[in-house]
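Participant: Handing over protein_16.pdb, PDB, C-alpha atoms (C1' of nucleotides).
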```pdb
MODEL        1
ATOM      1  CA  MET A   1     -72.395   6.131-107.625
ATOM      2  CA  PRO A   2     -75.207   3.819-107.508
ATOM      3  CA  GLU A   3     -75.573   0.653-105.613
ATOM      4  CA  LEU A   4     -78.658  -1.545-105.590
ATOM      5  CA  PRO A   5     -81.072   0.905-103.873
ATOM      6  CA  GLU A   6     -80.174   3.770-106.199
ATOM      7  CA  VAL A   7     -80.444   1.611-109.332
ATOM      8  CA  GLU A   8     -83.732   0.136-108.103
ATOM      9  CA  THR A   9     -85.112   3.652-107.551
ATOM     10  CA  VAL A  10     -84.180   4.688-111.079
ATOM     11  CA  VAL A  11     -85.677   1.503-112.538
ATOM     12  CA  ARG A  12     -89.000   1.864-110.685
ATOM     13  CA  ASP A  13     -89.340   5.485-111.796
ATOM     14  CA  LEU A  14     -88.320   4.926-115.398
ATOM     15  CA  LYS A  15     -90.735   2.021-115.675
ATOM     16  CA  LYS A  16     -93.617   4.431-115.121
ATOM     17  CA  VAL A  17     -92.589   6.840-117.857
ATOM     18  CA  ILE A  18     -90.735   5.063-120.655
ATOM     19  CA  VAL A  19     -92.506   1.726-121.089
ATOM     20  CA  GLY A  20     -94.467   1.860-124.341
ATOM     21  CA  GLN A  21     -92.400   4.735-125.696
ATOM     22  CA  THR A  22     -90.506   4.634-128.946
ATOM     23  CA  ILE A  23     -87.001   6.017-129.434
ATOM     24  CA  THR A  24     -87.292   8.515-132.275
ATOM     25  CA  ALA A  25     -83.720   9.827-132.358
ATOM     26  CA  ILE A  26     -80.380   9.473-130.559
ATOM     27  CA  ASP A  27     -77.826  12.204-129.994
ATOM     28  CA  ILE A  28     -74.355  10.912-129.108
ATOM     29  CA  ILE A  29     -72.148  13.592-127.553
ATOM     30  CA  ASP A  30     -69.398  11.258-126.282
ATOM     31  CA  ASN A  31     -69.278   7.668-127.502
ATOM     32  CA  ARG A  32     -66.792   6.388-124.920
ATOM     33  CA  VAL A  33     -69.726   5.131-122.837
ATOM     34  CA  ILE A  34     -71.053   3.059-125.742
ATOM     35  CA  LYS A  35     -69.526  -0.402-125.832
ATOM     36  CA  ASP A  36     -68.723  -2.440-128.927
ATOM     37  CA  LEU A  37     -70.698  -0.421-131.496
ATOM     38  CA  SER A  38     -69.908   2.645-133.611
ATOM     39  CA  ASN A  39     -72.187   5.662-133.328
ATOM     40  CA  THR A  40     -73.880   4.755-136.591
ATOM     41  CA  GLN A  41     -74.448   1.144-135.562
ATOM     42  CA  PHE A  42     -75.755   2.139-132.125
ATOM     43  CA  LYS A  43     -78.276   4.549-133.628
ATOM     44  CA  ARG A  44     -79.351   2.081-136.291
ATOM     45  CA  LYS A  45     -79.963  -0.632-133.671
ATOM     46  CA  LEU A  46     -82.025   1.542-131.320
ATOM     47  CA  LYS A  47     -83.888   4.052-133.431
ATOM     48  CA  GLY A  48     -87.548   3.119-133.827
ATOM     49  CA  LYS A  49     -87.444   0.616-130.949
ATOM     50  CA  THR A  50     -90.313   0.541-128.427
ATOM     51  CA  VAL A  51     -89.599  -0.028-124.730
ATOM     52  CA  GLN A  52     -91.304  -3.108-123.349
ATOM     53  CA  SER A  53     -89.879  -3.242-119.823
ATOM     54  CA  VAL A  54     -87.291  -1.786-117.456
ATOM     55  CA  THR A  55     -85.703  -4.123-114.925
ATOM     56  CA  ARG A  56     -82.646  -4.407-112.708
ATOM     57  CA  ARG A  57     -79.997  -7.110-112.327
ATOM     58  CA  ALA A  58     -77.296  -6.421-109.711
ATOM     59  CA  LYS A  59     -76.405  -2.747-110.300
ATOM     60  CA  GLY A  60     -77.347  -2.901-113.979
ATOM     61  CA  ILE A  61     -80.423  -1.525-115.746
ATOM     62  CA  ILE A  62     -82.018  -3.628-118.474
ATOM     63  CA  ILE A  63     -84.249  -1.814-120.960
ATOM     64  CA  ALA A  64     -86.005  -4.454-123.067
ATOM     65  CA  PHE A  65     -87.589  -3.687-126.437
ATOM     66  CA  ASP A  66     -90.527  -5.375-128.093
ATOM     67  CA  SER A  67     -88.148  -6.634-130.767
ATOM     68  CA  ASP A  68     -86.418  -9.068-128.349
ATOM     69  CA  ASP A  69     -83.340  -6.960-127.880
ATOM     70  CA  TYR A  70     -81.966  -4.888-125.057
ATOM     71  CA  LEU A  71     -80.101  -1.834-123.915
ATOM     72  CA  PHE A  72     -78.058  -2.657-120.825
ATOM     73  CA  VAL A  73     -76.986   0.379-118.796
ATOM     74  CA  HIS A  74     -74.445   0.314-115.972
ATOM     75  CA  LEU A  75     -74.111   3.679-114.232
ATOM     76  CA  LYS A  76     -70.800   2.772-112.531
ATOM     77  CA  MET A  77     -69.701   5.693-110.315
ATOM     78  CA  THR A  78     -71.266   8.796-111.824
ATOM     79  CA  GLY A  79     -73.814   7.749-114.447
ATOM     80  CA  GLN A  80     -77.331   9.231-114.409
ATOM     81  CA  LEU A  81     -80.448   8.473-116.457
ATOM     82  CA  ILE A  82     -82.601  11.595-116.358
ATOM     83  CA  TYR A  83     -86.065  11.645-117.940
ATOM     84  CA  GLY A  84     -87.694  14.901-119.005
ATOM     85  CA  ALA A  85     -86.346  17.885-120.905
ATOM     86  CA  LYS A  86     -83.297  17.562-123.112
ATOM     87  CA  GLN A  87     -80.163  18.324-121.095
ATOM     88  CA  ASN A  88     -77.087  20.053-122.357
ATOM     89  CA  ILE A  89     -74.634  20.079-119.455
ATOM     90  CA  LYS A  90     -71.055  18.937-119.821
ATOM     91  CA  GLU A  91     -71.877  15.578-118.220
ATOM     92  CA  THR A  92     -74.528  14.809-120.852
ATOM     93  CA  LYS A  93     -73.105  12.093-123.105
ATOM     94  CA  VAL A  94     -76.076  10.493-124.911
ATOM     95  CA  VAL A  95     -79.641  11.776-125.358
ATOM     96  CA  PHE A  96     -82.537   9.570-126.496
ATOM     97  CA  SER A  97     -85.560  11.378-127.974
ATOM     98  CA  LEU A  98     -88.821   9.677-127.020
ATOM     99  CA  SER A  99     -92.177   9.540-128.772
ATOM    100  CA  ASP A 100     -93.956  11.503-126.005
ATOM    101  CA  GLY A 101     -91.739  14.495-126.729
ATOM    102  CA  ASN A 102     -89.538  13.981-123.661
ATOM    103  CA  TYR A 103     -85.933  12.835-123.511
ATOM    104  CA  LEU A 104     -83.866  10.241-121.691
ATOM    105  CA  ASN A 105     -80.504  11.826-120.914
ATOM    106  CA  TYR A 106     -77.472   9.716-120.070
ATOM    107  CA  ASN A 107     -75.093  11.853-117.994
ATOM    108  CA  ASP A 108     -71.727  10.643-116.763
ATOM    109  CA  GLN A 109     -69.007  12.819-115.308
ATOM    110  CA  ARG A 110     -66.295  10.155-115.229
ATOM    111  CA  LEU A 111     -67.271   8.165-118.327
ATOM    112  CA  PHE A 112     -66.971   4.806-116.568
ATOM    113  CA  GLY A 113     -70.541   3.837-117.431
ATOM    114  CA  TRP A 114     -71.648   1.333-120.039
ATOM    115  CA  LEU A 115     -74.387   1.486-122.653
ATOM    116  CA  ILE A 116     -74.485  -1.965-124.233
ATOM    117  CA  TYR A 117     -76.853  -3.003-126.993
ATOM    118  CA  THR A 118     -77.444  -6.741-127.228
ATOM    119  CA  THR A 119     -79.857  -9.355-128.520
ATOM    120  CA  ASP A 120     -78.700 -11.821-125.856
ATOM    121  CA  LEU A 121     -78.196 -10.766-122.220
ATOM    122  CA  ASP A 122     -76.099 -13.877-121.581
ATOM    123  CA  THR A 123     -73.342 -12.407-123.730
ATOM    124  CA  ILE A 124     -72.853  -9.737-121.068
ATOM    125  CA  GLY A 125     -70.415 -11.238-118.574
ATOM    126  CA  TYR A 126     -71.511  -8.919-115.785
ATOM    127  CA  ILE A 127     -75.050 -10.294-115.921
ATOM    128  CA  LYS A 128     -74.077 -13.898-116.509
ATOM    129  CA  THR A 129     -71.715 -14.100-113.550
ATOM    130  CA  ALA A 130     -73.509 -11.919-110.993
ATOM    131  CA  GLY A 131     -74.283 -13.627-107.695
ATOM    132  CA  PRO A 132     -77.718 -13.997-106.077
ATOM    133  CA  GLU A 133     -79.994 -10.985-105.630
ATOM    134  CA  PRO A 134     -80.235  -9.985-101.930
ATOM    135  CA  PHE A 135     -84.053 -10.152-102.034
ATOM    136  CA  GLY A 136     -84.110 -13.425-103.942
ATOM    137  CA  ARG A 137     -84.803 -16.917-102.667
ATOM    138  CA  ASP A 138     -81.199 -18.030-103.313
ATOM    139  CA  PHE A 139     -79.769 -15.532-100.862
ATOM    140  CA  ASN A 140     -80.412 -16.654 -97.292
ATOM    141  CA  CYS A 141     -78.640 -17.636 -94.073
ATOM    142  CA  ALA A 142     -77.816 -21.133 -95.275
ATOM    143  CA  PHE A 143     -76.283 -19.755 -98.461
ATOM    144  CA  ILE A 144     -74.113 -17.350 -96.470
ATOM    145  CA  ARG A 145     -72.975 -20.016 -94.004
ATOM    146  CA  GLU A 146     -71.935 -22.241 -96.894
ATOM    147  CA  ALA A 147     -70.307 -19.505 -98.958
ATOM    148  CA  ILE A 148     -68.092 -18.146 -96.175
ATOM    149  CA  LYS A 149     -66.573 -21.514 -95.267
ATOM    150  CA  THR A 150     -63.729 -21.303 -97.757
ATOM    151  CA  ARG A 151     -63.328 -17.517 -97.829
ATOM    152  CA  LYS A 152     -60.442 -15.975 -95.966
ATOM    153  CA  VAL A 153     -61.077 -12.405 -97.171
ATOM    154  CA  PRO A 154     -62.330  -9.840 -94.681
ATOM    155  CA  VAL A 155     -66.123  -9.857 -94.620
ATOM    156  CA  LYS A 156     -66.236  -6.264 -95.941
ATOM    157  CA  THR A 157     -64.341  -7.364 -99.052
ATOM    158  CA  LEU A 158     -66.674 -10.341 -99.453
ATOM    159  CA  LEU A 159     -69.758  -8.080 -99.390
ATOM    160  CA  LEU A 160     -68.291  -6.034-102.247
ATOM    161  CA  ASN A 161     -67.745  -9.165-104.321
ATOM    162  CA  GLN A 162     -70.605  -9.257-106.832
ATOM    163  CA  PHE A 163     -70.118 -13.015-107.345
ATOM    164  CA  PHE A 164     -71.024 -13.556-103.681
ATOM    165  CA  VAL A 165     -74.081 -11.286-103.610
ATOM    166  CA  ALA A 166     -75.228  -8.791-106.225
ATOM    167  CA  GLY A 167     -75.762  -5.102-105.666
ATOM    168  CA  ILE A 168     -73.862  -4.125-102.512
ATOM    169  CA  GLY A 169     -71.272  -1.363-102.890
ATOM    170  CA  ASN A 170     -68.949   0.583-100.654
ATOM    171  CA  ILE A 171     -71.544   2.628 -98.769
ATOM    172  CA  TYR A 172     -73.906  -0.212 -97.899
ATOM    173  CA  ALA A 173     -71.109  -2.659 -97.059
ATOM    174  CA  SER A 174     -70.058  -0.375 -94.180
ATOM    175  CA  GLU A 175     -73.648   0.357 -93.149
ATOM    176  CA  ILE A 176     -74.701  -3.306 -93.160
ATOM    177  CA  LEU A 177     -71.718  -4.397 -91.057
ATOM    178  CA  HIS A 178     -72.270  -1.615 -88.548
ATOM    179  CA  ARG A 179     -75.892  -2.576 -88.045
ATOM    180  CA  ALA A 180     -74.955  -6.262 -87.922
ATOM    181  CA  GLN A 181     -72.273  -5.410 -85.316
ATOM    182  CA  ILE A 182     -69.594  -7.301 -87.230
ATOM    183  CA  SER A 183     -66.039  -6.030 -87.671
ATOM    184  CA  PRO A 184     -65.243  -5.343 -91.330
ATOM    185  CA  MET A 185     -61.823  -6.945 -90.791
ATOM    186  CA  LYS A 186     -63.165 -10.286 -89.578
ATOM    187  CA  PRO A 187     -62.131 -13.120 -91.932
ATOM    188  CA  SER A 188     -65.332 -14.365 -93.552
ATOM    189  CA  PHE A 189     -64.918 -17.998 -92.473
ATOM    190  CA  ARG A 190     -64.786 -16.933 -88.832
ATOM    191  CA  LEU A 191     -68.369 -15.615 -88.806
ATOM    192  CA  SER A 192     -70.549 -17.485 -86.321
ATOM    193  CA  ASP A 193     -73.998 -18.752 -87.241
ATOM    194  CA  ILE A 194     -75.520 -15.877 -85.295
ATOM    195  CA  GLU A 195     -73.359 -13.398 -87.182
ATOM    196  CA  CYS A 196     -74.379 -14.938 -90.514
ATOM    197  CA  GLU A 197     -77.973 -14.437 -89.460
ATOM    198  CA  ARG A 198     -77.396 -10.809 -88.518
ATOM    199  CA  LEU A 199     -75.501 -10.256 -91.755
ATOM    200  CA  TYR A 200     -78.408 -11.641 -93.765
ATOM    201  CA  ASP A 201     -81.043  -9.683 -91.834
ATOM    202  CA  GLN A 202     -79.179  -6.380 -92.065
ATOM    203  CA  THR A 203     -78.292  -6.812 -95.734
ATOM    204  CA  VAL A 204     -81.973  -7.124 -96.566
ATOM    205  CA  ASP A 205     -83.144  -4.483 -94.079
ATOM    206  CA  VAL A 206     -80.598  -1.794 -94.996
ATOM    207  CA  LEU A 207     -81.140  -2.175 -98.735
ATOM    208  CA  LYS A 208     -84.934  -2.174 -98.369
ATOM    209  CA  GLU A 209     -84.873   0.820 -96.063
ATOM    210  CA  SER A 210     -82.665   2.709 -98.488
ATOM    211  CA  ILE A 211     -85.041   1.959-101.359
ATOM    212  CA  ARG A 212     -87.837   3.437 -99.244
ATOM    213  CA  TYR A 213     -85.766   6.599 -98.887
ATOM    214  CA  ARG A 214     -84.884   6.584-102.603
ATOM    215  CA  GLY A 215     -81.195   5.826-102.118
ATOM    216  CA  THR A 216     -78.135   7.718-100.932
ATOM    217  CA  SER A 217     -76.725  10.834-102.612
ATOM    218  CA  MET A 218     -73.147  11.136-101.408
ATOM    219  CA  ARG A 219     -72.049  13.184-104.403
ATOM    220  CA  ASN A 220     -73.251  12.520-107.907
ATOM    221  CA  TYR A 221     -76.216  10.216-107.514
ATOM    222  CA  ARG A 222     -79.532  11.583-108.788
ATOM    223  CA  ASP A 223     -82.749   9.729-109.553
ATOM    224  CA  SER A 224     -84.487   9.815-112.934
ATOM    225  CA  LYS A 225     -85.989  13.202-112.066
ATOM    226  CA  GLY A 226     -82.622  14.634-111.011
ATOM    227  CA  ARG A 227     -83.408  14.491-107.293
ATOM    228  CA  ARG A 228     -81.144  13.354-104.438
ATOM    229  CA  GLY A 229     -81.797  10.272-102.325
ATOM    230  CA  ARG A 230     -82.812  10.768 -98.698
ATOM    231  CA  PHE A 231     -81.060   7.757 -97.144
ATOM    232  CA  MET A 232     -78.146  10.156 -96.544
ATOM    233  CA  ASN A 233     -79.932  11.173 -93.319
ATOM    234  CA  ARG A 234     -79.929   7.578 -92.106
ATOM    235  CA  ILE A 235     -76.284   6.761 -92.811
ATOM    236  CA  ARG A 236     -74.586   5.711 -89.569
ATOM    237  CA  VAL A 237     -70.896   5.355 -90.396
ATOM    238  CA  TYR A 238     -70.070   5.904 -94.079
ATOM    239  CA  ASN A 239     -67.925   9.008 -94.607
ATOM    240  CA  ARG A 240     -68.231   9.884 -90.902
ATOM    241  CA  GLU A 241     -64.603   9.388 -89.809
ATOM    242  CA  GLY A 242     -63.924  11.036 -86.453
ATOM    243  CA  LYS A 243     -67.597  11.710 -85.775
ATOM    244  CA  ASP A 244     -69.602  10.084 -82.998
ATOM    245  CA  CYS A 245     -71.013   6.627 -83.579
ATOM    246  CA  LEU A 246     -74.775   7.101 -83.451
ATOM    247  CA  SER A 247     -75.154   3.939 -81.367
ATOM    248  CA  CYS A 248     -72.472   4.322 -78.680
ATOM    249  CA  GLY A 249     -70.856   7.751 -79.079
ATOM    250  CA  ASP A 250     -67.366   6.365 -79.746
ATOM    251  CA  LYS A 251     -65.481   7.827 -82.733
ATOM    252  CA  VAL A 252     -66.083   6.311 -86.176
ATOM    253  CA  LYS A 253     -62.858   4.978 -87.724
ATOM    254  CA  ARG A 254     -61.745   4.810 -91.336
ATOM    255  CA  ILE A 255     -59.458   2.115 -92.720
ATOM    256  CA  VAL A 256     -58.551   1.034 -96.259
ATOM    257  CA  GLN A 257     -59.358  -2.508 -97.417
ATOM    258  CA  SER A 258     -58.518  -3.647-100.944
ATOM    259  CA  GLY A 259     -57.921  -0.018-101.805
ATOM    260  CA  ARG A 260     -61.340   1.187-100.637
ATOM    261  CA  SER A 261     -62.409   3.134 -97.567
ATOM    262  CA  THR A 262     -64.234   1.278 -94.824
ATOM    263  CA  PHE A 263     -65.953   3.065 -91.943
ATOM    264  CA  TYR A 264     -66.802   1.336 -88.679
ATOM    265  CA  CYS A 265     -67.135   1.664 -84.942
ATOM    266  CA  ALA A 266     -64.581  -0.400 -83.025
ATOM    267  CA  SER A 267     -66.807  -0.470 -79.924
ATOM    268  CA  CYS A 268     -69.965  -1.698 -81.648
ATOM    269  CA  GLN A 269     -68.384  -4.091 -84.140
ATOM    270  CA  ASP A 270     -66.255  -7.134 -83.353
TER     271      ASP A 270
ATOM    272  C1'  DA B   1     -57.189 -20.491-107.194
ATOM    273  C1'  DG B   2     -57.815 -16.700-104.289
ATOM    274  C1'  DG B   3     -56.689 -12.274-103.472
ATOM    275  C1'  DT B   4     -54.686  -7.491-104.427
ATOM    276  C1'  DC B   5     -53.793  -3.541-107.255
ATOM    277  C1'  DG B   6     -53.674  -0.402-111.059
ATOM    278  C1'  DA B   7     -56.299   1.342-114.941
ATOM    279  C1'  DC B   8     -60.235   3.494-116.755
ATOM    280  C1'  DC B   9     -61.877   9.205-116.309
ATOM    281  C1'  DT B  10     -63.231  13.883-114.440
ATOM    282  C1'  DG B  11     -63.622  17.097-110.860
ATOM    283  C1'  DG B  12     -63.860  18.836-106.000
ATOM    284  C1'  DC B  13     -61.331  19.970-102.121
ATOM    285  C1'  DA B  14     -57.472  20.711 -98.785
ATOM    286  C1'  DG B  15     -52.959  22.360 -98.192
ATOM    287  C1'  DC B  16     -49.163  25.125 -99.540
TER     288       DC B  16
ATOM    289  C1'  DT C   1     -54.341  32.163-107.838
ATOM    290  C1'  DG C   2     -52.435  28.198-109.105
ATOM    291  C1'  DC C   3     -50.267  24.009-108.294
ATOM    292  C1'  DT C   4     -50.141  19.129-106.234
ATOM    293  C1'  DG C   5     -52.007  15.263-104.227
ATOM    294  C1'  DC C   6     -55.796  12.821-102.618
ATOM    295  C1'  DC C   7     -60.379  11.266-102.830
ATOM    296  C1'  DA C   8     -64.848   9.609-105.031
ATOM    297  C1'  DG C   9     -70.912   5.248-105.009
ATOM    298  C1'  DG C  10     -67.562   0.174-109.836
ATOM    299  C1'  DT C  11     -65.515  -3.377-112.530
ATOM    300  C1'  DC C  12     -61.921  -5.858-114.927
ATOM    301  C1'  DG C  13     -57.591  -7.821-116.186
ATOM    302  C1'  DA C  14     -52.889  -8.414-114.983
ATOM    303  C1'  DC C  15     -50.274  -9.927-111.612
ATOM    304  C1'  DC C  16     -48.481 -12.576-107.218
TER     305       DC C  16
ENDMDL
END
```
I need this file expressed as structure tokens, please.

Facilitator:
Amino acid sequence: MPELPEVETVVRDLKKVIVGQTITAIDIIDNRVIKDLSNTQFKRKLKGKTVQSVTRRAKGIIIAFDSDDYLFVHLKMTGQLIYGAKQNIKETKVVFSLSDGNYLNYNDQRLFGWLIYTTDLDTIGYIKTAGPEPFGRDFNCAFIREAIKTRKVPVKTLLLNQFFVAGIGNIYASEILHRAQISPMKPSFRLSDIECERLYDQTVDVLKESIRYRGTSMRNYRDSKGRRGRFMNRIRVYNREGKDCLSCGDKVKRIVQSGRSTFYCASCQD
DNA sequence: AGGTCGACCTGGCAGC
DNA sequence: TGCTGCCAGGTCGACC
């Protein structure tokens, strides 16, 4: 499910309600989402811990405790962190009881997600190797111009590469390229300076706009209150094969790149 | 070394 | 109604 805007939405909401709370109990319904630790170990590590902060890195959620340790959560395709009443649906895999009497439910239909307990975030390869944050100082036009020089992969594939830039997934890669008027098939090193500029501007603009609309709910994504994101209404090409391009009226096309669907308008993007 | 592809899972949907 | 095949927002490791 969630790409940067969806994860950011969850993080901002959770921050308001779980910081300062203590985990009083943990119910593990399916431990396949828990990495490296047994059920007993996982509970022992987290029970009694008080949440100090909730932050995001790439598409990952970092819950820090006042004891200098962390719970790293990656929602992958279908993970959800829902705060409120205890849930008991078939997707519910782990439930944390909190000191205010509410619960933090981890739901995950496909079980791809990760719950990782650690005392050192650098031991998590995903965090250690993630590329620059799109809103960070390190990600800018000059960085893009330099990074594309040696890359032959289609620019769509490059946008999905988390080593290049953190947080973009399959929906926003198509949306960013449509707004930047760049063909998803264009080899990265062939981007002109102007195109690099448009790519930078639209990456930042699309992600920020989606955060304002609380993300995109294609299928499974829900925020921490179980609500859908409203950026769905602003999607221009993703999952719109055969429909009219909202800019020019031509038909939106779908192709497969590196095994993943790409949607684009051949008239608007070259 | 850079790039591609299957594996990890469950479930919804279209077509027969 | 069932069955089959395809598709789904991500990441990694094995391969070429």

Participant: Quick one: which residues from chain C are at most 10 Å off chain A, using only C-alpha atoms (C1' of nucleotides), as a PyMOL selection string?

Facilitator: chain C and resi 7-11

Participant: Between atom CA of A:Ile26 and atom CA of A:Ile124, what is the distance, to one decimal in Å?

Facilitator: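 Those two atoms sit 22.7 Å apart.
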
Participant: I'd like the interatomic distance between atom CA of A:Val256 and atom CA of A:Lys186, to a tenth of an Å.

Facilitator: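 Here the two named atoms are 13.9 Å from each other.
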
Participant: Residues of chain A that have any atom at most 12 Å from an atom of chain B: could you tabulate them with the shortest-distance atom pair and the distance in Å to one decimal, using all atoms listed in the file, ordered by chain and increasing number, as a tab-separated table?

Facilitator:
```
residue	atom	partner	partner_atom	distance
A:Arg32	CA	B:DC9	C1'	10.3
A:Val33	CA	B:DC9	C1'	11.0
A:Lys76	CA	B:DC8	C1'	11.4
A:Met77	CA	B:DC9	C1'	10.5
A:Thr78	CA	B:DT10	C1'	9.9
A:Lys90	CA	B:DT10	C1'	10.8
A:Glu91	CA	B:DT10	C1'	9.6
A:Asp108	CA	B:DT10	C1'	9.4
A:Gln109	CA	B:DT10	C1'	5.9
A:Arg110	CA	B:DC9	C1'	4.6
A:Leu111	CA	B:DC9	C1'	5.9
A:Phe112	CA	B:DC9	C1'	6.7
A:Gly113	CA	B:DC9	C1'	10.3
A:Thr150	CA	B:DG2	C1'	9.9
A:Arg151	CA	B:DG2	C1'	8.5
A:Lys152	CA	B:DG2	C1'	8.8
A:Val153	CA	B:DG3	C1'	7.7
A:Pro154	CA	B:DG3	C1'	10.7
A:Thr157	CA	B:DG3	C1'	10.1
A:Leu158	CA	B:DG3	C1'	10.9
A:Asn161	CA	B:DG3	C1'	11.5
A:Arg219	CA	B:DG12	C1'	10.1
A:Asn220	CA	B:DG11	C1'	11.1
A:Gln257	CA	B:DT4	C1'	9.8
A:Ser258	CA	B:DT4	C1'	6.4
A:Gly259	CA	B:DC5	C1'	7.7
A:Arg260	CA	B:DC5	C1'	11.1
```

Participant: Any idea what's packed within 8 Å of A:Val19, counting only C-alpha atoms (C1' of nucleotides), ignoring anything in its chain fewer than 2 positions away? Could you give it as a list in words?

Facilitator: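 Listing them by chain and then by number gives Leu14, Lys15, Lys16, Val17, Gln21, Thr50, Val51, Gln52, Ser53 and Val54 of chain A.
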
Participant: Could you please take those selected residues and save C-alpha atoms as a PDB file, in the frame of the given file?

Facilitator:
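Result went into selection-v2.pdb, see below:
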```pdb
ATOM      1  CA  LEU A  14     -88.320   4.926-115.398  1.00  0.00           C
ATOM      2  CA  LYS A  15     -90.735   2.021-115.675  1.00  0.00           C
ATOM      3  CA  LYS A  16     -93.617   4.431-115.121  1.00  0.00           C
ATOM      4  CA  VAL A  17     -92.589   6.840-117.857  1.00  0.00           C
ATOM      5  CA  GLN A  21     -92.400   4.735-125.696  1.00  0.00           C
ATOM      6  CA  THR A  50     -90.313   0.541-128.427  1.00  0.00           C
ATOM      7  CA  VAL A  51     -89.599  -0.028-124.730  1.00  0.00           C
ATOM      8  CA  GLN A  52     -91.304  -3.108-123.349  1.00  0.00           C
ATOM      9  CA  SER A  53     -89.879  -3.242-119.823  1.00  0.00           C
ATOM     10  CA  VAL A  54     -87.291  -1.786-117.456  1.00  0.00           C
TER      11      VAL A  54
END
```

Participant: Please report the interatomic distance between atom CA of A:Ile235 and atom CA of A:Tyr213 in Å with one decimal.

Facilitator: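 About the pair atom CA of A:Ile235 and atom CA of A:Tyr213: they are 11.3 Å apart.
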